[in-house]
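What follows is a set of notes on a single structure, which appears directly below.
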Amino acid sequence: MGGGILVQGTVLKATAGFYYVHDGRKVWECSLRGKFRLTGTTVLVGDRVMLQPRPEGTGLIVDVLPRANSLLRPPVANVELAVIVLACAHPDPSLLLLDRILLQVAVAGVQPLICFNKSDLVEPAEFAPARIYREAGYRIFFTSALQRQGIDALAEALCGRIAVLAGPSGAGKSSLLNALIPGLQLKVGAVSSKLQRGRHTTRHVELLGLPAGGWVADTPGFSSLTLPELKKSELAPLFPDLHRFSQHCRFRGCLHVQEPECAVRQAVQSGEVSELRYRHYLQFLQEIAEQERKY
């Protein structure tokens with residue numbers, strides 16, 4: 001392959017062996033240079049790449065620039081924000097799942113935003129989960145895709161960033177994207193009345209352009225997550241509400257289970273830390289201990 005001008009862009013979509021790369025002005029349909037198959041290098045949606053234009057107007061990806069981060073589920077690179085979407089009702093939000101996703105996001109070094117969708121089904125001021133996570137230090141949004149409530153505030157937070165929407169099926173991610181990007185018309189799945197879970201309506205990852213600038217990934221829904229590989233001592237710092245108090249524990253390396261003079265357990269007893277969040281922490285700690293025993 002000869003030389004020539006190279007163009008830098010961002011991978012928006014990958015399907016059937018082709019990669020669609022946006023260079024700031026146009027989208028190129030690209031294939032991969034043979035060396036990627038030889039080295040086993042994976043090109044992800046969100047990757048910044050260098051492409052070589054071809055005479056027929058397509059492109060050849062010749063290099064992948066270093067990533068700031070990458071997520072495994074969903075498989076997206078260089079994500080700045082993760083909007084974790086849960087329904088306020090129908091289906092009821094799983095806060096255990098929310099904490100699992102928050103751990104994945106924290107390990108990846110991505111800033112989380114929590115979006116409680118379908119807010120028209122509840123009274124936001126009395127919605128207890130929002131209070132728990134706001135007090136824990138997370139940024140909370142209420143939206144109703146149906147009534148277009150809170151859409152402008154969420155769009156402002158995403159402006160100019162690369163974001164991913166994550167969360168279980170049935171939370172309304174596709175409806176939310178339809179509200180954020182007028183004219184998108186993504187297929188919306190119904191929620192099973194028997195299982196109270198949504199049917200998957202998204203089959204691949206794609207970066208979609210936001211009207212005010214920036215990109216958001218529409219991702220396949222998921223309802224269960226294994227924990228990232230962690231040591232027991234690494235878990236508490238990923239809970240910002242627990243970590244604030246852990247620095248005042250008597251013993252360095254305190255796991256906040258049975259140790260004396262544990263500031264975290266004292267904060268739980270006094271109501272300064274959510275008992276629910278603490279129970280999730282203990283459950284995750286047990287899972288990590290079981291993983292360690294296997295290896």
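Naming scheme: A, B, ... for chains in displayed order of the structure tokens; residues 1 onward per chain; ligands 1 onward as shown.
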Compile the contact shell of region 101-116 of chain A as a PDB file with N, CA and C atoms, in the first residue's frame: residues with an atom at most 9 Å away, counting only C-alpha atoms, same-chain residues fewer than 4 positions apart removed.
```pdb
ATOM      1  N   ALA A  68      -8.456   6.491  25.655  1.00  0.00           N
ATOM      2  CA  ALA A  68      -8.549   7.007  27.022  1.00  0.00           C
ATOM      3  C   ALA A  68      -9.110   5.939  27.946  1.00  0.00           C
ATOM      4  N   ASN A  69     -10.030   5.123  27.423  1.00  0.00           N
ATOM      5  CA  ASN A  69     -10.634   4.035  28.186  1.00  0.00           C
ATOM      6  C   ASN A  69     -11.409   3.162  27.215  1.00  0.00           C
ATOM      7  N   SER A  70     -11.916   2.050  27.723  1.00  0.00           N
ATOM      8  CA  SER A  70     -12.816   1.220  26.926  1.00  0.00           C
ATOM      9  C   SER A  70     -13.715   0.445  27.868  1.00  0.00           C
ATOM     10  N   LEU A  71     -14.942   0.243  27.439  1.00  0.00           N
ATOM     11  CA  LEU A  71     -15.907  -0.557  28.186  1.00  0.00           C
ATOM     12  C   LEU A  71     -16.051  -1.914  27.502  1.00  0.00           C
ATOM     13  N   LEU A  72     -16.336  -2.934  28.315  1.00  0.00           N
ATOM     14  CA  LEU A  72     -16.547  -4.268  27.765  1.00  0.00           C
ATOM     15  C   LEU A  72     -17.998  -4.482  27.384  1.00  0.00           C
ATOM     16  N   ARG A  73     -18.902  -4.111  28.285  1.00  0.00           N
ATOM     17  CA  ARG A  73     -20.335  -4.182  28.008  1.00  0.00           C
ATOM     18  C   ARG A  73     -20.945  -2.854  28.370  1.00  0.00           C
ATOM     19  N   ASN A  78     -13.215   5.362  24.531  1.00  0.00           N
ATOM     20  CA  ASN A  78     -13.105   6.818  24.702  1.00  0.00           C
ATOM     21  C   ASN A  78     -14.396   7.460  25.191  1.00  0.00           C
ATOM     22  N   VAL A  79     -15.077   6.763  26.087  1.00  0.00           N
ATOM     23  CA  VAL A  79     -16.333   7.268  26.642  1.00  0.00           C
ATOM     24  C   VAL A  79     -16.031   8.263  27.756  1.00  0.00           C
ATOM     25  N   GLU A  80     -16.709   9.402  27.731  1.00  0.00           N
ATOM     26  CA  GLU A  80     -16.533  10.411  28.779  1.00  0.00           C
ATOM     27  C   GLU A  80     -17.635  10.336  29.834  1.00  0.00           C
ATOM     28  N   LEU A  81     -18.842  10.022  29.413  1.00  0.00           N
ATOM     29  CA  LEU A  81     -19.986   9.957  30.325  1.00  0.00           C
ATOM     30  C   LEU A  81     -20.733   8.646  30.127  1.00  0.00           C
ATOM     31  N   ALA A  82     -21.196   8.075  31.201  1.00  0.00           N
ATOM     32  CA  ALA A  82     -22.092   6.921  31.133  1.00  0.00           C
ATOM     33  C   ALA A  82     -23.413   7.320  31.779  1.00  0.00           C
ATOM     34  N   VAL A  83     -24.470   7.358  30.978  1.00  0.00           N
ATOM     35  CA  VAL A  83     -25.799   7.670  31.488  1.00  0.00           C
ATOM     36  C   VAL A  83     -26.472   6.335  31.799  1.00  0.00           C
ATOM     37  N   ILE A  84     -26.631   6.053  33.074  1.00  0.00           N
ATOM     38  CA  ILE A  84     -27.234   4.790  33.492  1.00  0.00           C
ATOM     39  C   ILE A  84     -28.735   5.032  33.643  1.00  0.00           C
ATOM     40  N   VAL A  85     -29.503   4.393  32.775  1.00  0.00           N
ATOM     41  CA  VAL A  85     -30.938   4.652  32.684  1.00  0.00           C
ATOM     42  C   VAL A  85     -31.710   3.525  33.355  1.00  0.00           C
ATOM     43  N   LEU A  86     -32.550   3.892  34.308  1.00  0.00           N
ATOM     44  CA  LEU A  86     -33.487   2.961  34.919  1.00  0.00           C
ATOM     45  C   LEU A  86     -34.869   3.589  34.891  1.00  0.00           C
ATOM     46  N   ALA A  87     -35.876   2.767  34.770  1.00  0.00           N
ATOM     47  CA  ALA A  87     -37.244   3.258  34.838  1.00  0.00           C
ATOM     48  C   ALA A  87     -37.625   3.511  36.287  1.00  0.00           C
ATOM     49  N   CYS A  88     -38.385   4.569  36.512  1.00  0.00           N
ATOM     50  CA  CYS A  88     -38.920   4.797  37.852  1.00  0.00           C
ATOM     51  C   CYS A  88     -39.921   3.704  38.232  1.00  0.00           C
ATOM     52  N   PRO A  93     -37.120  -0.164  39.337  1.00  0.00           N
ATOM     53  CA  PRO A  93     -35.655  -0.145  39.177  1.00  0.00           C
ATOM     54  C   PRO A  93     -34.966  -1.147  40.093  1.00  0.00           C
ATOM     55  N   LEU A  96     -29.661  -2.900  42.920  1.00  0.00           N
ATOM     56  CA  LEU A  96     -28.495  -3.781  42.941  1.00  0.00           C
ATOM     57  C   LEU A  96     -27.815  -3.771  41.569  1.00  0.00           C
ATOM     58  N   LEU A  97     -28.609  -3.838  40.511  1.00  0.00           N
ATOM     59  CA  LEU A  97     -28.052  -3.741  39.164  1.00  0.00           C
ATOM     60  C   LEU A  97     -27.411  -2.378  38.949  1.00  0.00           C
ATOM     61  N   ALA A 130     -33.753   8.173  44.220  1.00  0.00           N
ATOM     62  CA  ALA A 130     -33.025   9.376  43.804  1.00  0.00           C
ATOM     63  C   ALA A 130     -32.337  10.028  44.995  1.00  0.00           C
ATOM     64  N   TYR A 133     -29.094   8.027  46.002  1.00  0.00           N
ATOM     65  CA  TYR A 133     -27.921   8.165  45.142  1.00  0.00           C
ATOM     66  C   TYR A 133     -27.452   9.610  45.024  1.00  0.00           C
ATOM     67  N   TYR A 138     -23.850  11.129  43.509  1.00  0.00           N
ATOM     68  CA  TYR A 138     -24.040  10.984  42.068  1.00  0.00           C
ATOM     69  C   TYR A 138     -24.964  12.080  41.536  1.00  0.00           C
ATOM     70  N   ARG A 139     -24.779  12.392  40.262  1.00  0.00           N
ATOM     71  CA  ARG A 139     -25.619  13.385  39.598  1.00  0.00           C
ATOM     72  C   ARG A 139     -26.863  12.684  39.057  1.00  0.00           C
ATOM     73  N   ILE A 140     -28.033  13.208  39.402  1.00  0.00           N
ATOM     74  CA  ILE A 140     -29.305  12.551  39.121  1.00  0.00           C
ATOM     75  C   ILE A 140     -30.115  13.375  38.121  1.00  0.00           C
ATOM     76  N   PHE A 141     -30.731  12.672  37.169  1.00  0.00           N
ATOM     77  CA  PHE A 141     -31.664  13.303  36.233  1.00  0.00           C
ATOM     78  C   PHE A 141     -32.982  12.534  36.258  1.00  0.00           C
ATOM     79  N   PHE A 142     -34.081  13.282  36.215  1.00  0.00           N
ATOM     80  CA  PHE A 142     -35.397  12.690  35.997  1.00  0.00           C
ATOM     81  C   PHE A 142     -35.831  13.038  34.584  1.00  0.00           C
ATOM     82  N   THR A 143     -36.292  12.033  33.835  1.00  0.00           N
ATOM     83  CA  THR A 143     -36.776  12.294  32.489  1.00  0.00           C
ATOM     84  C   THR A 143     -38.074  11.528  32.243  1.00  0.00           C
ATOM     85  N   SER A 144     -38.858  12.055  31.354  1.00  0.00           N
ATOM     86  CA  SER A 144     -39.997  11.334  30.798  1.00  0.00           C
ATOM     87  C   SER A 144     -39.933  11.528  29.291  1.00  0.00           C
ATOM     88  N   LEU A 154     -30.856  16.978  30.331  1.00  0.00           N
ATOM     89  CA  LEU A 154     -29.967  15.862  30.013  1.00  0.00           C
ATOM     90  C   LEU A 154     -29.156  16.165  28.757  1.00  0.00           C
ATOM     91  N   ALA A 166     -26.566   3.209  29.226  1.00  0.00           N
ATOM     92  CA  ALA A 166     -26.513   1.827  29.682  1.00  0.00           C
ATOM     93  C   ALA A 166     -27.665   1.587  30.645  1.00  0.00           C
ATOM     94  N   GLY A 167     -27.998   0.333  30.813  1.00  0.00           N
ATOM     95  CA  GLY A 167     -29.076   0.002  31.718  1.00  0.00           C
ATOM     96  C   GLY A 167     -29.883  -1.168  31.208  1.00  0.00           C
ATOM     97  N   ALA A 171     -36.039   0.039  30.317  1.00  0.00           N
ATOM     98  CA  ALA A 171     -35.877   1.304  31.043  1.00  0.00           C
ATOM     99  C   ALA A 171     -36.263   2.498  30.185  1.00  0.00           C
ATOM    100  N   LEU A 225     -24.852  -8.430  35.401  1.00  0.00           N
ATOM    101  CA  LEU A 225     -23.440  -8.105  35.189  1.00  0.00           C
ATOM    102  C   LEU A 225     -22.597  -8.831  36.218  1.00  0.00           C
ATOM    103  N   LEU A 227     -19.100  -8.843  38.361  1.00  0.00           N
ATOM    104  CA  LEU A 227     -18.259  -7.770  38.879  1.00  0.00           C
ATOM    105  C   LEU A 227     -16.938  -7.726  38.122  1.00  0.00           C
ATOM    106  N   PRO A 228     -16.353  -6.540  37.976  1.00  0.00           N
ATOM    107  CA  PRO A 228     -15.000  -6.469  37.409  1.00  0.00           C
ATOM    108  C   PRO A 228     -14.012  -7.134  38.353  1.00  0.00           C
ATOM    109  N   LEU A 235     -12.602  -2.347  46.669  1.00  0.00           N
ATOM    110  CA  LEU A 235     -14.038  -2.166  46.476  1.00  0.00           C
ATOM    111  C   LEU A 235     -14.569  -0.889  47.113  1.00  0.00           C
ATOM    112  N   LEU A 238     -14.554   2.555  45.479  1.00  0.00           N
ATOM    113  CA  LEU A 238     -15.436   2.734  44.336  1.00  0.00           C
ATOM    114  C   LEU A 238     -16.855   3.119  44.764  1.00  0.00           C
ATOM    115  N   PHE A 239     -17.112   3.117  46.056  1.00  0.00           N
ATOM    116  CA  PHE A 239     -18.362   3.621  46.631  1.00  0.00           C
ATOM    117  C   PHE A 239     -18.051   4.991  47.244  1.00  0.00           C
TER     118      PHE A 239
END
```
Once DSSP has gone over the backbone, tell me which residues of region 104-275 of chain A are in alpha helix (DSSP H), as an MDAnalysis selection string. chainID A and resid 104:108 128:136 151:158 173:180 240:246 263:270 275
Could you dump the residues just selected with C-alpha atoms as a PDB file, in the first residue's frame?
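Result file selection-v5.pdb:
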```pdb
ATOM      1  CA  GLN A 104     -18.145  -1.139  36.004  1.00  0.00           C
ATOM      2  CA  VAL A 105     -18.222   2.534  35.088  1.00  0.00           C
ATOM      3  CA  ALA A 106     -15.925   3.538  37.959  1.00  0.00           C
ATOM      4  CA  VAL A 107     -13.345   0.871  37.103  1.00  0.00           C
ATOM      5  CA  ALA A 108     -13.344   2.101  33.494  1.00  0.00           C
ATOM      6  CA  ALA A 128     -36.540   7.397  47.485  1.00  0.00           C
ATOM      7  CA  PRO A 129     -33.881   5.915  45.133  1.00  0.00           C
ATOM      8  CA  ALA A 130     -33.025   9.376  43.804  1.00  0.00           C
ATOM      9  CA  ARG A 131     -32.427  10.654  47.328  1.00  0.00           C
ATOM     10  CA  ILE A 132     -30.172   7.682  48.146  1.00  0.00           C
ATOM     11  CA  TYR A 133     -27.921   8.165  45.142  1.00  0.00           C
ATOM     12  CA  ARG A 134     -27.917  11.957  45.246  1.00  0.00           C
ATOM     13  CA  GLU A 135     -26.728  11.789  48.863  1.00  0.00           C
ATOM     14  CA  ALA A 136     -24.115   9.224  47.801  1.00  0.00           C
ATOM     15  CA  ILE A 151     -34.852  16.115  28.124  1.00  0.00           C
ATOM     16  CA  ASP A 152     -33.275  19.563  27.726  1.00  0.00           C
ATOM     17  CA  ALA A 153     -31.348  19.262  30.995  1.00  0.00           C
ATOM     18  CA  LEU A 154     -29.967  15.862  30.013  1.00  0.00           C
ATOM     19  CA  ALA A 155     -29.088  17.091  26.498  1.00  0.00           C
ATOM     20  CA  GLU A 156     -27.145  19.991  28.021  1.00  0.00           C
ATOM     21  CA  ALA A 157     -25.135  17.588  30.190  1.00  0.00           C
ATOM     22  CA  LEU A 158     -24.231  15.484  27.124  1.00  0.00           C
ATOM     23  CA  LYS A 173     -33.300   4.018  26.496  1.00  0.00           C
ATOM     24  CA  SER A 174     -34.565   3.939  22.917  1.00  0.00           C
ATOM     25  CA  SER A 175     -37.470   6.260  23.768  1.00  0.00           C
ATOM     26  CA  LEU A 176     -35.024   8.576  25.519  1.00  0.00           C
ATOM     27  CA  LEU A 177     -32.760   8.684  22.473  1.00  0.00           C
ATOM     28  CA  ASN A 178     -35.756   9.390  20.239  1.00  0.00           C
ATOM     29  CA  ALA A 179     -36.516  12.375  22.483  1.00  0.00           C
ATOM     30  CA  LEU A 180     -32.874  13.569  22.515  1.00  0.00           C
ATOM     31  CA  PRO A 240     -17.903   7.401  47.070  1.00  0.00           C
ATOM     32  CA  ASP A 241     -20.280   7.546  50.038  1.00  0.00           C
ATOM     33  CA  LEU A 242     -18.419   4.779  51.885  1.00  0.00           C
ATOM     34  CA  HIS A 243     -15.004   6.112  50.886  1.00  0.00           C
ATOM     35  CA  ARG A 244     -15.700   9.494  52.481  1.00  0.00           C
ATOM     36  CA  PHE A 245     -15.880   7.806  55.889  1.00  0.00           C
ATOM     37  CA  SER A 246     -13.356   4.986  55.364  1.00  0.00           C
ATOM     38  CA  ALA A 263     -16.193   4.805  60.635  1.00  0.00           C
ATOM     39  CA  VAL A 264     -18.200   3.379  57.735  1.00  0.00           C
ATOM     40  CA  ARG A 265     -20.314   1.099  59.923  1.00  0.00           C
ATOM     41  CA  GLN A 266     -20.823   3.979  62.334  1.00  0.00           C
ATOM     42  CA  ALA A 267     -22.022   6.148  59.428  1.00  0.00           C
ATOM     43  CA  VAL A 268     -24.474   3.435  58.387  1.00  0.00           C
ATOM     44  CA  GLN A 269     -25.834   3.219  61.938  1.00  0.00           C
ATOM     45  CA  SER A 270     -26.235   7.003  62.108  1.00  0.00           C
ATOM     46  CA  GLU A 275     -28.040   0.900  54.596  1.00  0.00           C
TER      47      GLU A 275
END
```
Identify which of the residues A:Gly17, A:Pro74, A:Val164, A:Met50 lies closest to Arg37 (chain A), counting only C-alpha atoms when measuring atom-to-atom distances.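 With only C-alpha atoms as the atom set, the closest residue is A:Gly17.
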Just the strand (DSSP E or B) stuff from region 13-145 of chain A, please, per backbone DSSP, written as a ChimeraX atom specification. /A:13-15,18-22,27-32,45,48-53,59-64,70,76-77,81-87,111-117,139-142,144
Take the residues just selected and output them with N, CA and C atoms as a compact mmCIF listing (two decimals), in the first residue's frame.
```
# COMPACT_ATOMS: atom_id res chain seq x y z
N LYS A 13 -19.78 3.30 13.88
CA LYS A 13 -20.51 2.04 13.79
C LYS A 13 -19.62 1.00 13.14
N ALA A 14 -19.79 -0.26 13.55
CA ALA A 14 -19.08 -1.36 12.92
C ALA A 14 -20.09 -2.47 12.65
N THR A 15 -20.18 -2.89 11.39
CA THR A 15 -21.14 -3.93 11.05
C THR A 15 -20.69 -4.64 9.78
N PHE A 18 -17.41 -3.83 8.08
CA PHE A 18 -17.16 -2.44 7.67
C PHE A 18 -17.24 -1.51 8.88
N TYR A 19 -16.44 -0.43 8.83
CA TYR A 19 -16.38 0.54 9.91
C TYR A 19 -16.72 1.91 9.33
N TYR A 20 -17.64 2.60 9.99
CA TYR A 20 -18.10 3.90 9.50
C TYR A 20 -17.47 4.98 10.37
N VAL A 21 -16.63 5.81 9.75
CA VAL A 21 -15.75 6.74 10.46
C VAL A 21 -16.13 8.17 10.09
N HIS A 22 -16.35 9.00 11.13
CA HIS A 22 -16.70 10.41 10.94
C HIS A 22 -15.46 11.26 11.14
N VAL A 27 -18.83 10.94 6.61
CA VAL A 27 -18.66 9.59 7.13
C VAL A 27 -18.06 8.72 6.03
N TRP A 28 -16.97 8.03 6.38
CA TRP A 28 -16.28 7.13 5.45
C TRP A 28 -16.66 5.69 5.75
N GLU A 29 -16.94 4.91 4.71
CA GLU A 29 -17.08 3.47 4.87
C GLU A 29 -15.70 2.86 4.71
N CYS A 30 -15.24 2.18 5.77
CA CYS A 30 -13.85 1.72 5.80
C CYS A 30 -13.76 0.22 6.04
N SER A 31 -12.67 -0.35 5.55
CA SER A 31 -12.27 -1.71 5.90
C SER A 31 -10.98 -1.60 6.70
N LEU A 32 -10.55 -2.74 7.24
CA LEU A 32 -9.34 -2.75 8.06
C LEU A 32 -8.13 -3.18 7.26
N VAL A 45 -16.23 0.82 18.41
CA VAL A 45 -16.97 2.06 18.25
C VAL A 45 -16.42 3.07 19.26
N ARG A 48 -10.61 6.45 18.00
CA ARG A 48 -10.07 7.44 17.07
C ARG A 48 -9.07 6.72 16.18
N VAL A 49 -9.26 6.84 14.88
CA VAL A 49 -8.46 6.07 13.94
C VAL A 49 -7.89 6.97 12.85
N MET A 50 -6.86 6.46 12.19
CA MET A 50 -6.32 7.10 11.00
C MET A 50 -6.73 6.24 9.80
N LEU A 51 -7.29 6.90 8.79
CA LEU A 51 -7.71 6.17 7.60
C LEU A 51 -7.02 6.73 6.36
N GLN A 52 -6.84 5.85 5.42
CA GLN A 52 -6.25 6.23 4.14
C GLN A 52 -7.37 6.24 3.09
N PRO A 53 -7.66 7.40 2.48
CA PRO A 53 -8.71 7.45 1.47
C PRO A 53 -8.37 6.59 0.26
N GLY A 59 -12.51 4.14 2.53
CA GLY A 59 -11.29 4.34 3.30
C GLY A 59 -10.72 3.03 3.82
N LEU A 60 -9.47 3.07 4.22
CA LEU A 60 -8.79 1.92 4.81
C LEU A 60 -8.22 2.37 6.16
N ILE A 61 -8.68 1.74 7.23
CA ILE A 61 -8.17 2.08 8.56
C ILE A 61 -6.77 1.50 8.70
N VAL A 62 -5.80 2.38 8.95
CA VAL A 62 -4.41 1.94 9.01
C VAL A 62 -3.84 2.01 10.43
N ASP A 63 -4.51 2.73 11.34
CA ASP A 63 -3.98 2.84 12.69
C ASP A 63 -5.09 3.22 13.65
N VAL A 64 -4.97 2.76 14.90
CA VAL A 64 -5.89 3.12 15.98
C VAL A 64 -5.11 3.92 17.00
N SER A 70 -11.92 2.05 27.72
CA SER A 70 -12.82 1.22 26.93
C SER A 70 -13.72 0.44 27.87
N VAL A 76 -17.40 -0.02 23.86
CA VAL A 76 -17.22 1.33 23.33
C VAL A 76 -15.93 1.90 23.91
N ALA A 77 -15.20 2.66 23.11
CA ALA A 77 -13.94 3.27 23.55
C ALA A 77 -14.09 4.78 23.71
N LEU A 81 -18.84 10.02 29.41
CA LEU A 81 -19.99 9.96 30.32
C LEU A 81 -20.73 8.65 30.13
N ALA A 82 -21.20 8.08 31.20
CA ALA A 82 -22.09 6.92 31.13
C ALA A 82 -23.41 7.32 31.78
N VAL A 83 -24.47 7.36 30.98
CA VAL A 83 -25.80 7.67 31.49
C VAL A 83 -26.47 6.33 31.80
N ILE A 84 -26.63 6.05 33.07
CA ILE A 84 -27.23 4.79 33.49
C ILE A 84 -28.73 5.03 33.64
N VAL A 85 -29.50 4.39 32.78
CA VAL A 85 -30.94 4.65 32.68
C VAL A 85 -31.71 3.53 33.35
N LEU A 86 -32.55 3.89 34.31
CA LEU A 86 -33.49 2.96 34.92
C LEU A 86 -34.87 3.59 34.89
N ALA A 87 -35.88 2.77 34.77
CA ALA A 87 -37.24 3.26 34.84
C ALA A 87 -37.62 3.51 36.29
N GLN A 111 -17.20 8.97 33.94
CA GLN A 111 -18.08 9.70 34.85
C GLN A 111 -19.52 9.22 34.70
N PRO A 112 -20.18 8.82 35.80
CA PRO A 112 -21.56 8.34 35.68
C PRO A 112 -22.60 9.45 35.89
N LEU A 113 -23.69 9.36 35.15
CA LEU A 113 -24.90 10.13 35.42
C LEU A 113 -26.02 9.11 35.58
N ILE A 114 -26.88 9.30 36.57
CA ILE A 114 -27.99 8.38 36.78
C ILE A 114 -29.27 9.05 36.29
N CYS A 115 -29.95 8.38 35.38
CA CYS A 115 -31.18 8.92 34.79
C CYS A 115 -32.34 8.02 35.15
N PHE A 116 -33.27 8.55 35.93
CA PHE A 116 -34.51 7.83 36.24
C PHE A 116 -35.55 8.27 35.21
N ASN A 117 -35.83 7.37 34.28
CA ASN A 117 -36.77 7.66 33.21
C ASN A 117 -38.20 7.25 33.62
N ARG A 139 -24.78 12.39 40.26
CA ARG A 139 -25.62 13.39 39.60
C ARG A 139 -26.86 12.68 39.06
N ILE A 140 -28.03 13.21 39.40
CA ILE A 140 -29.30 12.55 39.12
C ILE A 140 -30.11 13.38 38.12
N PHE A 141 -30.73 12.67 37.17
CA PHE A 141 -31.66 13.30 36.23
C PHE A 141 -32.98 12.53 36.26
N PHE A 142 -34.08 13.28 36.21
CA PHE A 142 -35.40 12.69 36.00
C PHE A 142 -35.83 13.04 34.58
N SER A 144 -38.86 12.06 31.35
CA SER A 144 -40.00 11.33 30.80
C SER A 144 -39.93 11.53 29.29
```
Report, in Å to a single decimal, how far apart CA of Leu65 (chain A) and CA of Arg33 (chain A) are. 14.5 Å
Given only C-alpha atoms as the counted atoms, nearest of A:Gly213, A:Pro168, A:Pro182, A:Pro124 to Gly24 (chain A):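 Closest to Gly24 (chain A) of all the choices is A:Gly213.
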Mind pulling up the distance from CA of Leu184 (chain A) to CA of Gln149 (chain A)?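 Between CA of Gln149 (chain A) and CA of Leu184 (chain A) the gap works out to 18.0 Å.
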Which of these, A:Gly40, A:Arg279, A:Val122, A:Glu292, has the shortest distance to Val257 (chain A) once you count only C-alpha atoms?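 For Val257 (chain A), the nearest of the given residues is A:Arg279.
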